file upload_8.cif (mmCIF, C-alpha atoms; chains and numbers go by the auth columns)
data_final
loop_
_atom_site.group_PDB
_atom_site.id
_atom_site.type_symbol
_atom_site.label_atom_id
_atom_site.label_comp_id
_atom_site.label_asym_id
_atom_site.label_seq_id
_atom_site.Cartn_x
_atom_site.Cartn_y
_atom_site.Cartn_z
_atom_site.B_iso_or_equiv
_atom_site.auth_seq_id
_atom_site.auth_asym_id
ATOM 1 C CA MET A 1 86.946 117.869 62.256 0.00 669 I
ATOM 2 C CA GLU A 2 84.873 118.143 65.398 0.00 670 I
ATOM 3 C CA ILE A 3 84.117 115.111 67.560 0.00 671 I
ATOM 4 C CA SER A 4 80.590 114.839 68.913 0.00 672 I
ATOM 5 C CA LYS A 5 79.956 114.629 72.650 0.00 673 I
ATOM 6 C CA LYS A 6 78.573 111.081 72.288 0.00 674 I
ATOM 7 C CA THR A 7 81.689 109.894 70.434 0.00 675 I
ATOM 8 C CA GLU A 8 83.905 111.627 72.970 0.00 676 I
ATOM 9 C CA ASN A 9 82.136 109.832 75.845 0.00 677 I
ATOM 10 C CA LYS A 10 82.521 106.515 74.008 0.00 678 I
ATOM 11 C CA TYR A 11 86.277 107.047 73.639 0.00 679 I
ATOM 12 C CA LEU A 12 86.530 108.068 77.286 0.00 680 I
ATOM 13 C CA LYS A 13 84.684 104.901 78.353 0.00 681 I
ATOM 14 C CA TYR A 14 87.039 102.716 76.307 0.00 682 I
ATOM 15 C CA GLY A 15 89.999 104.595 77.751 0.00 683 I
ATOM 16 C CA TYR A 16 88.870 103.690 81.267 0.00 684 I
ATOM 17 C CA LEU A 17 88.440 100.068 80.240 0.00 685 I
ATOM 18 C CA LEU A 18 91.871 100.070 78.612 0.00 686 I
ATOM 19 C CA ALA A 19 93.401 101.419 81.829 0.00 687 I
ATOM 20 C CA LEU A 20 92.013 98.394 83.684 0.00 688 I
ATOM 21 C CA VAL A 21 94.301 96.014 81.754 0.00 689 I
ATOM 22 C CA PRO A 22 97.623 97.057 83.354 0.00 690 I
ATOM 23 C CA ILE A 23 95.864 97.506 86.715 0.00 691 I
ATOM 24 C CA PHE A 24 94.641 93.891 86.485 0.00 692 I
ATOM 25 C CA PHE A 25 98.168 92.584 85.796 0.00 693 I
ATOM 26 C CA PHE A 26 99.627 94.760 88.571 0.00 694 I
ATOM 27 C CA ILE A 27 97.111 93.386 91.075 0.00 695 I
ATOM 28 C CA ARG A 28 97.647 89.816 89.902 0.00 696 I
ATOM 29 C CA TYR A 29 101.427 90.170 90.173 0.00 697 I
ATOM 30 C CA TYR A 30 101.267 91.494 93.730 0.00 698 I
ATOM 31 C CA TYR A 31 98.691 88.892 94.709 0.00 699 I
ATOM 32 C CA LEU A 32 100.882 86.002 93.574 0.00 700 I
ATOM 33 C CA ASN A 33 104.356 87.303 94.512 0.00 701 I
ATOM 34 C CA ASP A 34 105.413 88.194 98.036 0.00 702 I
ATOM 35 C CA PRO A 35 107.825 91.155 98.204 0.00 703 I
ATOM 36 C CA GLY A 36 108.756 90.161 101.752 0.00 704 I
ATOM 37 C CA SER A 37 109.889 86.632 100.874 0.00 705 I
ATOM 38 C CA SER A 38 113.567 85.846 101.055 0.00 706 I
ATOM 39 C CA THR A 39 113.458 83.527 98.031 0.00 707 I
ATOM 40 C CA GLY A 40 113.875 86.415 95.603 0.00 708 I
ATOM 41 C CA GLU A 41 110.722 85.651 93.622 0.00 709 I
ATOM 42 C CA GLY A 42 109.588 88.443 91.349 0.00 710 I
ATOM 43 C CA PHE A 43 110.938 91.922 90.757 0.00 711 I
ATOM 44 C CA PHE A 44 110.377 94.381 93.574 0.00 712 I
ATOM 45 C CA PRO A 45 112.392 97.590 93.538 0.00 713 I
ATOM 46 C CA SER A 46 113.990 98.769 96.759 0.00 714 I
ATOM 47 C CA CYS A 47 113.307 102.196 98.190 0.00 715 I
ATOM 48 C CA PRO A 48 116.059 104.558 96.983 0.00 716 I
ATOM 49 C CA PHE A 49 115.506 106.908 99.949 0.00 717 I
ATOM 50 C CA HIS A 50 116.024 104.053 102.409 0.00 718 I
ATOM 51 C CA LEU A 51 119.095 102.810 100.529 0.00 719 I
ATOM 52 C CA LEU A 52 120.697 106.272 100.576 0.00 720 I
ATOM 53 C CA THR A 53 119.788 107.438 104.085 0.00 721 I
ATOM 54 C CA GLY A 54 118.820 104.380 106.123 0.00 722 I
ATOM 55 C CA TYR A 55 115.547 106.103 107.071 0.00 723 I
ATOM 56 C CA HIS A 56 112.073 104.946 106.101 0.00 724 I
ATOM 57 C CA CYS A 57 110.048 107.062 103.689 0.00 725 I
ATOM 58 C CA PRO A 58 106.220 107.192 103.840 0.00 726 I
ATOM 59 C CA GLY A 59 106.055 104.504 101.143 0.00 727 I
ATOM 60 C CA CYS A 60 108.427 101.974 102.711 0.00 728 I
ATOM 61 C CA GLY A 61 106.575 98.723 103.287 0.00 729 I
ATOM 62 C CA SER A 62 103.782 99.547 100.854 0.00 730 I
ATOM 63 C CA GLN A 63 104.668 96.709 98.466 0.00 731 I
ATOM 64 C CA ARG A 64 104.326 94.219 101.317 0.00 732 I
ATOM 65 C CA ALA A 65 101.128 95.982 102.416 0.00 733 I
ATOM 66 C CA ILE A 66 99.663 95.606 98.908 0.00 734 I
ATOM 67 C CA HIS A 67 100.453 91.886 98.918 0.00 735 I
ATOM 68 C CA ASP A 68 98.954 91.448 102.385 0.00 736 I
ATOM 69 C CA LEU A 69 95.775 93.382 101.527 0.00 737 I
ATOM 70 C CA LEU A 70 95.243 91.367 98.353 0.00 738 I
ATOM 71 C CA ASN A 71 95.624 88.152 100.344 0.00 739 I
ATOM 72 C CA GLY A 72 93.245 89.298 103.083 0.00 740 I
ATOM 73 C CA ARG A 73 95.869 89.857 105.796 0.00 741 I
ATOM 74 C CA ILE A 74 94.768 93.293 106.996 0.00 742 I
ATOM 75 C CA LEU A 75 96.676 93.306 110.303 0.00 743 I
ATOM 76 C CA GLN A 76 99.960 92.471 108.570 0.00 744 I
ATOM 77 C CA ALA A 77 99.277 95.192 105.989 0.00 745 I
ATOM 78 C CA LEU A 78 98.755 97.689 108.823 0.00 746 I
ATOM 79 C CA GLN A 79 102.079 96.617 110.339 0.00 747 I
ATOM 80 C CA HIS A 80 103.933 97.107 107.055 0.00 748 I
ATOM 81 C CA ASN A 81 102.486 100.529 106.210 0.00 749 I
ATOM 82 C CA LEU A 82 99.599 102.030 108.155 0.00 750 I
ATOM 83 C CA LEU A 83 99.405 105.098 105.932 0.00 751 I
ATOM 84 C CA PHE A 84 99.091 103.010 102.753 0.00 752 I
ATOM 85 C CA VAL A 85 96.129 101.076 104.154 0.00 753 I
ATOM 86 C CA ILE A 86 94.392 104.340 105.078 0.00 754 I
ATOM 87 C CA LEU A 87 95.157 105.680 101.588 0.00 755 I
ATOM 88 C CA ALA A 88 93.721 102.504 100.030 0.00 756 I
ATOM 89 C CA ILE A 89 90.485 103.012 101.970 0.00 757 I
ATOM 90 C CA VAL A 90 90.249 106.653 100.857 0.00 758 I
ATOM 91 C CA LEU A 91 90.901 105.671 97.222 0.00 759 I
ATOM 92 C CA PHE A 92 88.267 102.931 97.424 0.00 760 I
ATOM 93 C CA ILE A 93 85.725 105.465 98.730 0.00 761 I
ATOM 94 C CA LYS A 94 86.682 107.894 95.943 0.00 762 I
ATOM 95 C CA LEU A 95 86.274 105.122 93.352 0.00 763 I
ATOM 96 C CA TYR A 96 82.871 104.228 94.778 0.00 764 I
ATOM 97 C CA ASN A 97 81.782 107.887 94.688 0.00 765 I
ATOM 98 C CA TYR A 98 82.966 108.274 91.105 0.00 766 I
ATOM 99 C CA THR A 99 81.275 105.057 89.977 0.00 767 I
ATOM 100 C CA ALA A 100 78.017 105.895 91.755 0.00 768 I
ATOM 101 C CA LYS A 101 77.950 109.375 90.245 0.00 769 I
ATOM 102 C CA ARG A 102 78.999 108.395 86.729 0.00 770 I
ATOM 103 C CA PHE A 103 77.154 105.119 86.185 0.00 771 I
ATOM 104 C CA LEU A 104 74.368 105.003 88.789 0.00 772 I
ATOM 105 C CA ASN A 105 73.461 108.734 88.705 0.00 773 I
ATOM 106 C CA LYS A 106 73.630 108.985 92.496 0.00 774 I
ATOM 107 C CA LYS A 107 74.296 112.313 94.131 0.00 775 I
ATOM 108 C CA LEU A 108 76.919 111.745 96.827 0.00 776 I
ATOM 109 C CA LYS A 109 78.798 114.397 98.750 0.00 777 I
ATOM 110 C CA ASP A 110 82.530 114.028 98.233 0.00 778 I
ATOM 111 C CA TRP A 111 84.229 115.145 101.455 0.00 779 I
ATOM 112 C CA THR A 112 87.620 115.241 99.722 0.00 780 I
ATOM 113 C CA TYR A 113 86.570 118.351 97.791 0.00 781 I
ATOM 114 C CA ASN A 114 87.520 120.605 100.648 0.00 782 I
ATOM 115 C CA LYS A 115 90.025 123.440 100.636 0.00 783 I
ATOM 116 C CA TYR A 116 91.806 121.909 103.647 0.00 784 I
ATOM 117 C CA PHE A 117 91.935 118.310 102.426 0.00 785 I
ATOM 118 C CA THR A 118 95.224 118.707 100.530 0.00 786 I
ATOM 119 C CA TYR A 119 96.870 120.339 103.534 0.00 787 I
ATOM 120 C CA ILE A 120 95.628 117.585 105.827 0.00 788 I
ATOM 121 C CA ILE A 121 97.063 114.932 103.507 0.00 789 I
ATOM 122 C CA LEU A 122 100.406 116.748 103.237 0.00 790 I
ATOM 123 C CA ILE A 123 100.719 117.237 107.013 0.00 791 I
ATOM 124 C CA THR A 124 99.721 113.608 107.620 0.00 792 I
ATOM 125 C CA ILE A 125 102.357 112.265 105.199 0.00 793 I
ATOM 126 C CA ILE A 126 105.145 114.448 106.600 0.00 794 I
ATOM 127 C CA SER A 127 104.179 113.595 110.195 0.00 795 I
ATOM 128 C CA TYR A 128 104.077 109.890 109.394 0.00 796 I
ATOM 129 C CA TRP A 129 107.481 110.173 107.692 0.00 797 I
ATOM 130 C CA ILE A 130 109.022 111.753 110.783 0.00 798 I
ATOM 131 C CA LEU A 131 107.278 109.578 113.382 0.00 799 I
ATOM 132 C CA ARG A 132 108.097 106.247 111.761 0.00 800 I
ATOM 133 C CA ASN A 133 111.814 107.037 112.001 0.00 801 I
ATOM 134 C CA ILE A 134 111.764 107.592 115.776 0.00 802 I
ATOM 135 C CA SER A 135 113.254 104.485 117.353 0.00 803 I
ATOM 136 C CA SER A 136 111.425 104.628 120.686 0.00 804 I
ATOM 137 C CA ALA A 137 108.006 103.190 121.491 0.00 805 I
ATOM 138 C CA PRO A 138 105.265 103.616 120.311 0.00 806 I
ATOM 139 C CA PHE A 139 106.682 105.150 117.120 0.00 807 I
ATOM 140 C CA CYS A 140 109.038 102.251 116.386 0.00 808 I
ATOM 141 C CA HIS A 141 105.927 100.192 115.517 0.00 809 I
ATOM 142 C CA LEU A 142 105.306 102.440 112.512 0.00 810 I
ATOM 143 C CA ALA A 143 108.489 101.220 110.803 0.00 811 I
ATOM 144 C CA PRO A 144 107.945 98.427 108.265 0.00 812 I
#
call {"tool": "encode", "arguments": {"input": "upload_8.cif", "output": "structure tokens"}}
result
Amino acid sequence: MEISKKTENKYLKYGYLLALVPIFFFIRYYYLNDPGSSTGEGFFPSCPFHLLTGYHCPGCGSQRAIHDLLNGRILQALQHNLLFVILAIVLFIKLYNYTAKRFLNKKLKDWTYNKYFTYIILITIISYWILRNISSAPFCHLAP
């Protein structure tokens, strides 16, 4: 049995809508619960890399950054994880480009489709990982 292109697009559209359900609950959970609070509210897993080594990974502080971004505290989010905030901006731009292309039929140039983009991201993450574990200024400010 062969599925028509129209039916396939309909299923794909419903799949995207279905994916929004857990994303909504994830956002709501992080909006309402503060991972940085000492009261122990909510379930927030600790970083296994930090627990094992004592060093910060590139993702350390991102849960607090998510909470701060959702509550409009951009400066605090930058203090918790600068790289995550930059990644959130890039993902927002990618989402806008996808939505504009798919639903508004706009032709936008996507600068992330570049042969060097993946290398730039990889080098940035590794550099951030190393720099945030240096205990002298100004790098100590990168730690969460």
call {"tool": "closest_atom_pairs", "arguments": {"input": "upload_8.cif", "of": "range 720-764 of chain I", "to": "range 690-703 of chain I", "cutoff": "7 Å", "atoms": "only C-alpha atoms", "output": "CSV"}}
result
residue,atom,partner,partner_atom,distance
I:Gln731,CA,I:Pro703,CA,6.4
I:Arg732,CA,I:Pro703,CA,5.6
I:Ile734,CA,I:Tyr698,CA,6.8
I:His735,CA,I:Tyr698,CA,5.3
I:Leu738,CA,I:Tyr699,CA,5.6
I:Asn739,CA,I:Tyr699,CA,6.5
call {"tool": "atom_distance", "arguments": {"input": "upload_8.cif", "atom1": "CA of Arg800 in chain I", "atom2": "CA of His724 in chain I"}}
result
7.0 Å
call {"tool": "atom_distance", "arguments": {"input": "upload_8.cif", "atom1": "CA of Thr786 in chain I", "atom2": "CA of Leu759 in chain I"}}
result
14.1 Å
call {"tool": "closest_residue", "arguments": {"input": "upload_8.cif", "among": "I:Leu743, I:Leu799, I:Leu686, I:Leu750", "to": "Pro812 in chain I", "atoms": "only C-alpha atoms"}}
result
I:Leu750
call {"tool": "atom_distance", "arguments": {"input": "upload_8.cif", "atom1": "CA of Leu790 in chain I", "atom2": "CA of Phe712 in chain I"}}
result
26.3 Å
call {"tool": "closest_atom_pairs", "arguments": {"input": "upload_8.cif", "of": "range 753-772 of chain I", "to": "range 727-730 of chain I", "cutoff": "12 Å", "atoms": "all atoms listed in the file", "output": "tab-separated table"}}
result
residue	atom	partner	partner_atom	distance
I:Val753	CA	I:Ser730	CA	8.5
I:Ile754	CA	I:Ser730	CA	11.4
I:Leu755	CA	I:Ser730	CA	10.6
I:Ala756	CA	I:Ser730	CA	10.5
call {"tool": "write_last_selection", "arguments": {"input": "upload_8.cif", "atoms": "C-alpha atoms", "output": "CSV table (one decimal), keeping the file's coordinate frame"}}
result
chain,number,residue,atom,x,y,z
I,753,VAL,CA,96.1,101.1,104.2
I,754,ILE,CA,94.4,104.3,105.1
I,755,LEU,CA,95.2,105.7,101.6
I,756,ALA,CA,93.7,102.5,100.0
call {"tool": "resolve_selection", "arguments": {"input": "upload_8.cif", "expression": "the PyMOL selection byres ((chain I and resi 777) around 12)", "output": "VMD selection string"}}
result
chain I and resid 761 to 762 764 to 766 768 to 769 774 to 776 778 to 782
call {"tool": "closest_residue", "arguments": {"input": "upload_8.cif", "among": "I:Ile757, I:Asn749, I:Pro726, I:Leu810", "to": "Thr792 in chain I", "atoms": "all atoms listed in the file"}}
result
I:Pro726
call {"tool": "axis_aligned_box", "arguments": {"input": "upload_8.cif", "around": "range 739-746 of chain I", "padding_each_side": "5 Å", "output": "JSON"}}
result
{"center_x": 96.6, "center_y": 92.9, "center_z": 105.3, "size_x": 16.7, "size_y": 19.5, "size_z": 20.0}
call {"tool": "closest_residue", "arguments": {"input": "upload_8.cif", "among": "I:Leu688, I:Ile793, I:Leu720, I:Cys808", "to": "Gln747 in chain I", "atoms": "all atoms listed in the file"}}
result
I:Cys808
call {"tool": "build_atoms", "arguments": {"input": "upload_8.cif", "residues": "range 784-795 of chain I", "atoms": "all heavy atoms", "output": "CSV table (one decimal), in the coordinates of the input"}}
result
chain,number,residue,atom,x,y,z
I,784,TYR,N,90.8,122.3,102.7
I,784,TYR,CA,91.8,121.9,103.6
I,784,TYR,C,92.3,120.5,103.4
I,784,TYR,O,93.3,120.1,104.1
I,784,TYR,CB,91.3,122.0,105.1
I,784,TYR,CG,90.9,123.5,105.4
I,784,TYR,CD1,89.5,123.8,105.6
I,784,TYR,CD2,91.8,124.5,105.5
I,784,TYR,CE1,89.2,125.1,105.9
I,784,TYR,CE2,91.5,125.8,105.8
I,784,TYR,CZ,90.2,126.1,106.0
I,784,TYR,OH,89.8,127.4,106.3
I,785,PHE,N,91.6,119.7,102.6
I,785,PHE,CA,91.9,118.3,102.4
I,785,PHE,C,93.4,118.1,102.0
I,785,PHE,O,94.1,117.2,102.5
I,785,PHE,CB,91.0,117.7,101.4
I,785,PHE,CG,91.1,116.2,101.3
I,785,PHE,CD1,90.7,115.3,102.4
I,785,PHE,CD2,91.7,115.6,100.2
I,785,PHE,CE1,90.9,114.0,102.3
I,785,PHE,CE2,91.9,114.2,100.1
I,785,PHE,CZ,91.5,113.4,101.2
I,786,THR,N,93.9,118.9,101.0
I,786,THR,CA,95.2,118.7,100.5
I,786,THR,C,96.2,119.0,101.6
I,786,THR,O,97.2,118.3,101.8
I,786,THR,CB,95.5,119.6,99.3
I,786,THR,OG1,94.5,119.4,98.3
I,786,THR,CG2,96.9,119.4,98.8
I,787,TYR,N,96.0,120.0,102.4
I,787,TYR,CA,96.9,120.3,103.5
I,787,TYR,C,96.9,119.2,104.6
I,787,TYR,O,97.9,118.9,105.1
I,787,TYR,CB,96.5,121.7,104.2
I,787,TYR,CG,96.6,122.8,103.2
I,787,TYR,CD1,95.5,123.6,102.9
I,787,TYR,CD2,97.8,123.2,102.7
I,787,TYR,CE1,95.6,124.7,102.0
I,787,TYR,CE2,98.0,124.3,101.8
I,787,TYR,CZ,96.8,125.0,101.5
I,787,TYR,OH,97.0,126.0,100.6
I,788,ILE,N,95.7,118.7,104.9
I,788,ILE,CA,95.6,117.6,105.8
I,788,ILE,C,96.4,116.4,105.4
I,788,ILE,O,97.2,115.8,106.1
I,788,ILE,CB,94.2,117.2,106.1
I,788,ILE,CG1,93.4,118.3,106.8
I,788,ILE,CG2,94.0,115.9,106.9
I,788,ILE,CD1,91.9,118.2,106.9
I,789,ILE,N,96.3,116.1,104.1
I,789,ILE,CA,97.1,114.9,103.5
I,789,ILE,C,98.6,115.2,103.6
I,789,ILE,O,99.3,114.3,104.0
I,789,ILE,CB,96.6,114.7,102.0
I,789,ILE,CG1,95.2,114.2,102.0
I,789,ILE,CG2,97.6,113.7,101.4
I,789,ILE,CD1,95.0,112.8,102.6
I,790,LEU,N,99.0,116.4,103.2
I,790,LEU,CA,100.4,116.7,103.2
I,790,LEU,C,101.0,116.7,104.7
I,790,LEU,O,102.0,116.1,104.9
I,790,LEU,CB,100.6,118.1,102.6
I,790,LEU,CG,102.0,118.6,102.5
I,790,LEU,CD1,102.9,117.7,101.6
I,790,LEU,CD2,102.1,120.1,102.1
I,791,ILE,N,100.3,117.3,105.6
I,791,ILE,CA,100.7,117.2,107.0
I,791,ILE,C,100.7,115.8,107.6
I,791,ILE,O,101.7,115.4,108.3
I,791,ILE,CB,99.8,118.2,107.9
I,791,ILE,CG1,100.1,119.6,107.5
I,791,ILE,CG2,100.1,117.9,109.4
I,791,ILE,CD1,99.1,120.6,108.1
I,792,THR,N,99.8,115.0,107.2
I,792,THR,CA,99.7,113.6,107.6
I,792,THR,C,100.9,112.8,107.1
I,792,THR,O,101.6,112.1,107.8
I,792,THR,CB,98.4,112.9,107.2
I,792,THR,OG1,97.3,113.7,107.7
I,792,THR,CG2,98.3,111.5,107.6
I,793,ILE,N,101.2,113.0,105.8
I,793,ILE,CA,102.4,112.3,105.2
I,793,ILE,C,103.7,112.7,105.8
I,793,ILE,O,104.5,111.8,106.2
I,793,ILE,CB,102.4,112.5,103.7
I,793,ILE,CG1,101.2,111.8,103.0
I,793,ILE,CG2,103.7,112.0,103.1
I,793,ILE,CD1,101.0,112.1,101.6
I,794,ILE,N,103.9,114.0,106.0
I,794,ILE,CA,105.1,114.4,106.6
I,794,ILE,C,105.3,114.0,108.1
I,794,ILE,O,106.3,113.5,108.5
I,794,ILE,CB,105.3,116.0,106.5
I,794,ILE,CG1,105.4,116.4,105.0
I,794,ILE,CG2,106.4,116.5,107.3
I,794,ILE,CD1,105.3,117.8,104.7
I,795,SER,N,104.2,114.1,108.8
I,795,SER,CA,104.2,113.6,110.2
I,795,SER,C,104.5,112.1,110.3
I,795,SER,O,105.3,111.7,111.1
I,795,SER,CB,102.8,113.9,110.9
I,795,SER,OG,102.6,115.3,110.9
